[in-house]
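Source file: my_file_10.txt. Holds: compact mmCIF, C-alpha atoms.
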# COMPACT_ATOMS: atom_id res chain seq x y z
CA MET A 32 -25.08 -21.91 -9.99
CA SER A 33 -22.23 -24.32 -9.26
CA ALA A 34 -19.17 -23.19 -7.32
CA PRO A 35 -15.96 -22.47 -9.25
CA GLU A 36 -13.61 -25.43 -9.43
CA THR A 37 -10.43 -25.09 -7.40
CA PRO A 38 -7.20 -26.15 -9.18
CA SER A 39 -5.71 -29.41 -7.96
CA ARG A 40 -2.34 -29.56 -6.22
CA VAL A 41 -0.72 -30.99 -9.35
CA VAL A 42 -2.02 -28.15 -11.53
CA ARG A 43 -0.91 -25.54 -9.03
CA ALA A 44 2.52 -27.13 -8.59
CA THR A 45 3.03 -27.31 -12.37
CA THR A 46 1.96 -23.69 -12.77
CA VAL A 47 4.27 -22.50 -10.02
CA ALA A 48 7.19 -24.49 -11.46
CA ALA A 49 6.65 -23.03 -14.95
CA VAL A 50 6.39 -19.49 -13.61
CA VAL A 51 9.53 -19.92 -11.50
CA VAL A 52 11.51 -21.17 -14.52
CA VAL A 53 10.36 -18.23 -16.67
CA ALA A 54 11.15 -15.74 -13.89
CA ALA A 55 14.60 -17.28 -13.31
CA VAL A 56 15.57 -17.19 -17.00
CA ALA A 57 14.30 -13.64 -17.40
CA ALA A 58 16.11 -12.54 -14.23
CA VAL A 59 19.44 -13.96 -15.41
CA VAL A 60 19.23 -12.31 -18.85
CA SER A 61 18.02 -9.04 -17.38
CA PHE A 62 20.83 -9.12 -14.79
CA ALA A 63 23.44 -9.55 -17.53
CA HIS A 64 22.05 -6.63 -19.52
CA MET A 65 21.92 -4.30 -16.53
CA ARG A 66 25.42 -5.30 -15.39
CA GLU A 67 26.75 -4.52 -18.87
CA VAL A 68 25.15 -1.06 -18.86
CA ALA A 69 26.45 -0.33 -15.35
CA ASP A 70 29.94 -1.45 -16.41
CA ARG A 71 29.83 0.91 -19.39
CA ALA A 72 28.91 3.71 -16.99
CA GLY A 73 32.18 3.13 -15.11
CA GLU A 74 30.75 1.42 -12.01
CA ALA A 75 33.50 -1.26 -12.09
CA TRP A 76 32.83 -3.96 -9.44
CA ARG A 77 29.65 -2.15 -8.39
CA ALA A 78 28.15 -3.13 -11.74
CA TRP A 79 27.44 -6.55 -10.21
CA LEU A 80 25.38 -5.00 -7.41
CA LEU A 81 23.23 -2.47 -9.25
CA PRO A 82 21.05 -5.07 -11.04
CA LEU A 83 20.22 -6.59 -7.68
CA SER A 84 18.96 -3.24 -6.43
CA VAL A 85 16.66 -2.90 -9.46
CA ASP A 86 15.13 -6.39 -9.50
CA GLY A 87 15.19 -6.47 -5.70
CA LEU A 88 13.04 -3.34 -5.64
CA VAL A 89 10.48 -5.03 -7.90
CA VAL A 90 10.35 -8.08 -5.61
CA ALA A 91 10.15 -6.00 -2.43
CA ALA A 92 7.36 -3.77 -3.79
CA SER A 93 5.37 -6.80 -4.96
CA MET A 94 5.65 -8.46 -1.57
CA VAL A 95 4.51 -5.30 0.22
CA LEU A 96 1.48 -5.11 -2.08
CA LEU A 97 0.68 -8.76 -1.36
CA THR A 98 1.04 -8.32 2.40
CA ARG A 99 -1.16 -5.22 2.52
CA ARG A 100 -3.79 -6.88 0.32
CA ARG A 101 -3.96 -9.89 2.65
CA ALA A 102 -4.30 -7.58 5.62
CA GLY A 103 -7.20 -5.76 3.96
CA LEU A 104 -5.26 -2.50 3.72
CA ALA A 105 -5.01 -0.08 0.83
CA ALA A 106 -1.87 -0.56 -1.26
CA GLY A 107 -0.78 3.09 -1.00
CA TRP A 108 1.21 5.05 -3.55
CA LEU A 109 4.73 4.18 -2.37
CA PRO A 110 4.68 0.41 -3.13
CA TRP A 111 3.15 1.07 -6.54
CA ALA A 112 5.70 3.80 -7.27
CA ALA A 113 8.52 1.44 -6.24
CA LEU A 114 7.15 -1.35 -8.41
CA LEU A 115 6.68 0.82 -11.49
CA GLY A 116 10.02 2.54 -10.92
CA GLY A 117 11.85 -0.79 -10.65
CA VAL A 118 10.20 -2.17 -13.79
CA GLY A 119 10.91 1.07 -15.66
CA ALA A 120 14.57 1.11 -14.64
CA SER A 121 15.00 -2.54 -15.60
CA LEU A 122 13.31 -1.96 -18.94
CA ALA A 123 15.45 1.10 -19.70
CA ALA A 124 18.69 -0.68 -18.79
CA ASN A 125 17.84 -3.71 -20.91
CA VAL A 126 17.01 -1.52 -23.91
CA ALA A 127 20.21 0.49 -23.43
CA ALA A 128 22.26 -2.72 -23.58
CA ALA A 129 20.85 -3.65 -27.00
CA GLU A 130 22.18 -2.84 -30.45
CA PRO A 131 20.68 0.36 -31.92
CA THR A 132 18.02 -1.45 -33.96
CA ALA A 133 14.29 -1.82 -33.32
CA THR A 134 14.43 -5.62 -33.29
CA ALA A 135 17.36 -5.75 -30.87
CA ARG A 136 15.68 -3.34 -28.49
CA VAL A 137 12.42 -5.30 -28.48
CA VAL A 138 14.31 -8.53 -27.78
CA ALA A 139 16.36 -6.88 -25.03
CA ALA A 140 13.24 -5.39 -23.40
CA TRP A 141 11.52 -8.76 -23.13
CA PRO A 142 13.43 -10.17 -20.08
CA ALA A 143 12.54 -7.18 -17.91
CA LEU A 144 8.83 -7.47 -18.76
CA ALA A 145 8.87 -11.26 -18.46
CA PHE A 146 10.43 -11.13 -14.99
CA ALA A 147 7.89 -8.61 -13.67
CA VAL A 148 4.89 -10.48 -15.13
CA ALA A 149 6.16 -13.92 -14.05
CA PHE A 150 6.72 -12.74 -10.48
CA GLU A 151 3.22 -11.27 -10.34
CA LEU A 152 1.79 -14.57 -11.64
CA LEU A 153 3.69 -16.37 -8.90
CA LEU A 154 2.14 -14.09 -6.27
CA GLN A 155 -1.31 -14.74 -7.72
CA GLN A 156 -0.76 -18.47 -7.24
CA ARG A 157 0.13 -17.79 -3.61
CA ARG A 158 -3.08 -15.80 -3.18
CA MET A 159 -5.33 -18.55 -4.53
CA PRO A 160 -7.22 -20.47 -1.81
CA ALA A 161 -6.91 -24.24 -1.62
CA ALA A 162 -9.84 -26.65 -1.40
CA ASP A 163 -10.44 -28.41 1.91
CA PRO A 164 -11.39 -32.13 2.11
CA ALA A 165 -15.11 -31.25 2.07
CA GLY A 166 -14.74 -29.50 -1.27
CA GLU A 167 -15.22 -26.01 0.10
CA VAL A 168 -12.67 -23.28 -0.48
CA ALA A 169 -10.84 -22.13 2.64
CA GLU A 170 -10.04 -18.44 2.45
CA PRO A 171 -7.64 -16.61 4.79
CA VAL A 172 -10.25 -14.25 6.25
CA ALA A 173 -10.54 -12.95 9.77
CA GLU A 174 -13.19 -14.26 12.12
CA ASP A 175 -16.15 -12.03 12.88
CA PRO A 176 -15.81 -10.15 16.18
CA PRO A 177 -17.94 -11.53 19.06
CA THR A 178 -21.28 -9.87 19.78
CA PRO A 179 -21.13 -7.77 23.00
CA HIS A 180 -23.43 -8.74 25.88
CA PRO A 181 -24.27 -7.04 29.18
CA VAL A 182 -21.77 -7.55 31.98
CA GLY A 183 -22.65 -10.41 34.29
CA GLU A 184 -24.78 -12.34 31.81
CA SER A 185 -24.06 -16.07 31.68
CA MET A 186 -22.20 -16.99 28.52
CA SER A 187 -21.57 -20.27 26.74
CA PRO A 188 -17.87 -21.28 26.60
CA VAL A 189 -18.20 -22.06 22.87
CA ASP A 190 -19.43 -18.73 21.55
CA ALA A 191 -21.09 -15.49 22.57
CA THR A 192 -24.63 -16.89 22.92
CA PRO A 193 -26.08 -16.71 26.49
CA VAL A 194 -26.61 -20.11 28.14
CA GLY A 195 -30.21 -21.27 27.95
CA GLU A 196 -31.10 -19.17 24.91
CA VAL A 197 -31.70 -20.57 21.43
CA ASP A 198 -28.94 -19.60 18.99
CA PRO A 199 -30.75 -18.34 15.86
CA MET A 200 -27.73 -19.17 13.71
CA ALA A 201 -27.64 -22.75 14.98
CA ALA A 202 -31.36 -23.05 14.35
CA ARG A 203 -30.93 -21.79 10.79
CA ILE A 204 -28.06 -24.24 10.22
CA ALA A 205 -30.34 -27.03 11.47
CA GLU A 206 -32.96 -26.00 8.92
CA LEU A 207 -30.41 -25.91 6.09
CA THR A 208 -29.04 -29.31 7.09
CA SER A 209 -32.48 -30.91 7.30
CA ALA A 210 -33.42 -29.58 3.87
CA ALA A 211 -30.12 -30.78 2.43
CA ARG A 212 -30.57 -34.26 3.91
CA ALA A 213 -33.99 -34.50 2.29
CA GLU A 214 -32.29 -33.88 -1.05
CA GLY A 215 -29.48 -36.35 -0.34
CA ARG A 216 -26.70 -33.80 0.01
CA GLN A 217 -24.70 -32.01 2.72
CA VAL A 218 -24.32 -28.38 3.66
CA GLY A 219 -20.88 -26.75 3.36
CA ARG A 220 -19.47 -23.59 4.85
CA ARG A 221 -20.00 -21.61 1.64
CA THR A 222 -23.75 -22.24 1.74
CA VAL A 223 -23.92 -21.34 5.43
CA ALA A 224 -21.91 -18.18 4.86
CA ARG A 225 -24.25 -17.09 2.06
CA GLU A 226 -27.42 -17.83 4.01
CA LEU A 227 -26.29 -16.25 7.30
CA GLY A 228 -24.34 -13.37 5.82
CA VAL A 229 -21.07 -14.23 7.58
CA THR A 230 -17.56 -15.05 6.39
CA GLU A 231 -16.73 -18.61 5.32
CA TYR A 232 -14.34 -18.91 8.25
CA ARG A 233 -17.13 -17.99 10.67
CA ALA A 234 -19.50 -20.36 8.86
CA GLY A 235 -17.04 -23.23 9.37
CA ARG A 236 -16.81 -22.44 13.09
CA LEU A 237 -20.61 -22.37 13.36
CA LEU A 238 -20.89 -25.71 11.58
CA ALA A 239 -18.26 -27.27 13.83
CA ARG A 240 -19.94 -25.90 16.96
CA THR A 241 -23.36 -27.10 15.84
CA ASN A 242 -21.99 -30.57 15.12
CA THR A 243 -20.36 -30.67 18.56
CA ASN A 244 -23.65 -29.73 20.23
CA GLY A 245 -25.40 -32.50 18.26
CA THR A 246 -27.79 -30.12 16.52
CA THR A 247 -26.91 -31.24 12.99
CA GLY A 248 -25.12 -34.04 11.31
CA GLY A 249 -23.41 -32.04 8.57
CA ARG A 250 -19.73 -31.35 8.31
CA PRO A 251 -17.86 -28.02 7.86
Would you write out, as structure tokens, the structure that this file holds?
Amino acid sequence: MSAPETPSRVVRATTVAAVVVVAAVAAVVSFAHMREVADRAGEAWRAWLLPLSVDGLVVAASMVLLTRRRAGLAAGWLPWAALLGGVGASLAANVAAAEPTATARVVAAWPALAFAVAFELLLQQRRMPAADPAGEVAEPVAEDPPTPHPVGESMSPVDATPVGEVDPMAARIAELTSAARAEGRQVGRRTVARELGVTEYRAGRLLARTNTNGTTGGRP
């Protein structure tokens, strides 16, 4: 099965630009609606600040969710509660600013929903991995921890394999590379990661180390 195609830089840039425009327009309209409602409530000059606290909460909660997801941590209930609370408050304020008709309320509710969805789409674009020059997808994953060895055992400066011993991973990479050469192709980090059961980041390091040692002629 072929690997999924990674969007080009032009496609990603166009997508990000479109999402930013939608989010900006929705934010401006939503801000005006919320300021109007706050002004009606007698907040005076503070009516200009309250919309920022609502949309700012949505942005802050989304960024916390993104950060925790990248760190491999559970989202937790507080960021989700803040996100849903901010979207709910924005939606309620926008509806309250509309004329008392069903059509007007639907139209007024749209900017709040559009802003929340557009910002989430923007974060999804930030989470997407980019293709490296070899065509493999580089993902922001942590490197595997080194394998412990007895104290005093001679170690190679490149990895955790004792000097003088055959690295089984390097030997397997050599086999994969030889088979690929026979078929007129090259081995990438995704194939190595799948065959060895390691992360793609670790697979790239293994490929680079093997190339440096002259074991294979592939590229990461």
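With distances restricted to all atoms listed in the file, A:Val85 is the closest residue to Arg66 of chain A from A:Val85, A:Ala147, A:Ala113, A:Ala133.
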- Message: Could you tell me how far atom CA of Val47 of chain A sits from atom CA of Gly119 of chain A, in Å to one decimal place?
- Response: 25.1 Å
- Task: With a distance cut-off of 12 Å and only C-alpha atoms, select the neighbouring residues of Val89 of chain A, excluding the residue or stretch itself and same-chain residues fewer than 2 positions from it, and output the selection as a ChimeraX atom specification.
- Result: /A:58,82-87,91-96,110-122,143-144,146-151
Next, write the just-selected residues to a file, as a short mmCIF file (atom, residue, chain, number, x, y, z; two decimals), in the frame of the given file, keeping C-alpha atoms as the atom set.
data_model
loop_
_atom_site.label_atom_id
_atom_site.label_comp_id
_atom_site.auth_asym_id
_atom_site.auth_seq_id
_atom_site.Cartn_x
_atom_site.Cartn_y
_atom_site.Cartn_z
CA ALA A 58 16.11 -12.54 -14.23
CA PRO A 82 21.05 -5.07 -11.04
CA LEU A 83 20.22 -6.59 -7.68
CA SER A 84 18.96 -3.24 -6.43
CA VAL A 85 16.66 -2.90 -9.46
CA ASP A 86 15.13 -6.39 -9.50
CA GLY A 87 15.19 -6.47 -5.70
CA ALA A 91 10.15 -6.00 -2.43
CA ALA A 92 7.36 -3.77 -3.79
CA SER A 93 5.37 -6.80 -4.96
CA MET A 94 5.65 -8.46 -1.57
CA VAL A 95 4.51 -5.30 0.22
CA LEU A 96 1.48 -5.11 -2.08
CA PRO A 110 4.68 0.41 -3.13
CA TRP A 111 3.15 1.07 -6.54
CA ALA A 112 5.70 3.80 -7.27
CA ALA A 113 8.52 1.44 -6.24
CA LEU A 114 7.15 -1.35 -8.41
CA LEU A 115 6.68 0.82 -11.49
CA GLY A 116 10.02 2.54 -10.92
CA GLY A 117 11.85 -0.79 -10.65
CA VAL A 118 10.20 -2.17 -13.79
CA GLY A 119 10.91 1.07 -15.66
CA ALA A 120 14.57 1.11 -14.64
CA SER A 121 15.00 -2.54 -15.60
CA LEU A 122 13.31 -1.96 -18.94
CA ALA A 143 12.54 -7.18 -17.91
CA LEU A 144 8.83 -7.47 -18.76
CA PHE A 146 10.43 -11.13 -14.99
CA ALA A 147 7.89 -8.61 -13.67
CA VAL A 148 4.89 -10.48 -15.13
CA ALA A 149 6.16 -13.92 -14.05
CA PHE A 150 6.72 -12.74 -10.48
CA GLU A 151 3.22 -11.27 -10.34
#
- Task: Pick out the residues sitting within 10 Å of Val223 of chain A, and hand them over as a ChimeraX atom specification; count all atoms listed in the file, and ignore anything fewer than 4 positions along from it in its own chain.
- Result: /A:200,203-204,207-208,218-219,227-231,233-235,237-238,251
- Message: Using Å and a single decimal, report how far atom CA of Ala49 of chain A sits from atom CA of Ala124 of chain A.
- Response: 25.7 Å
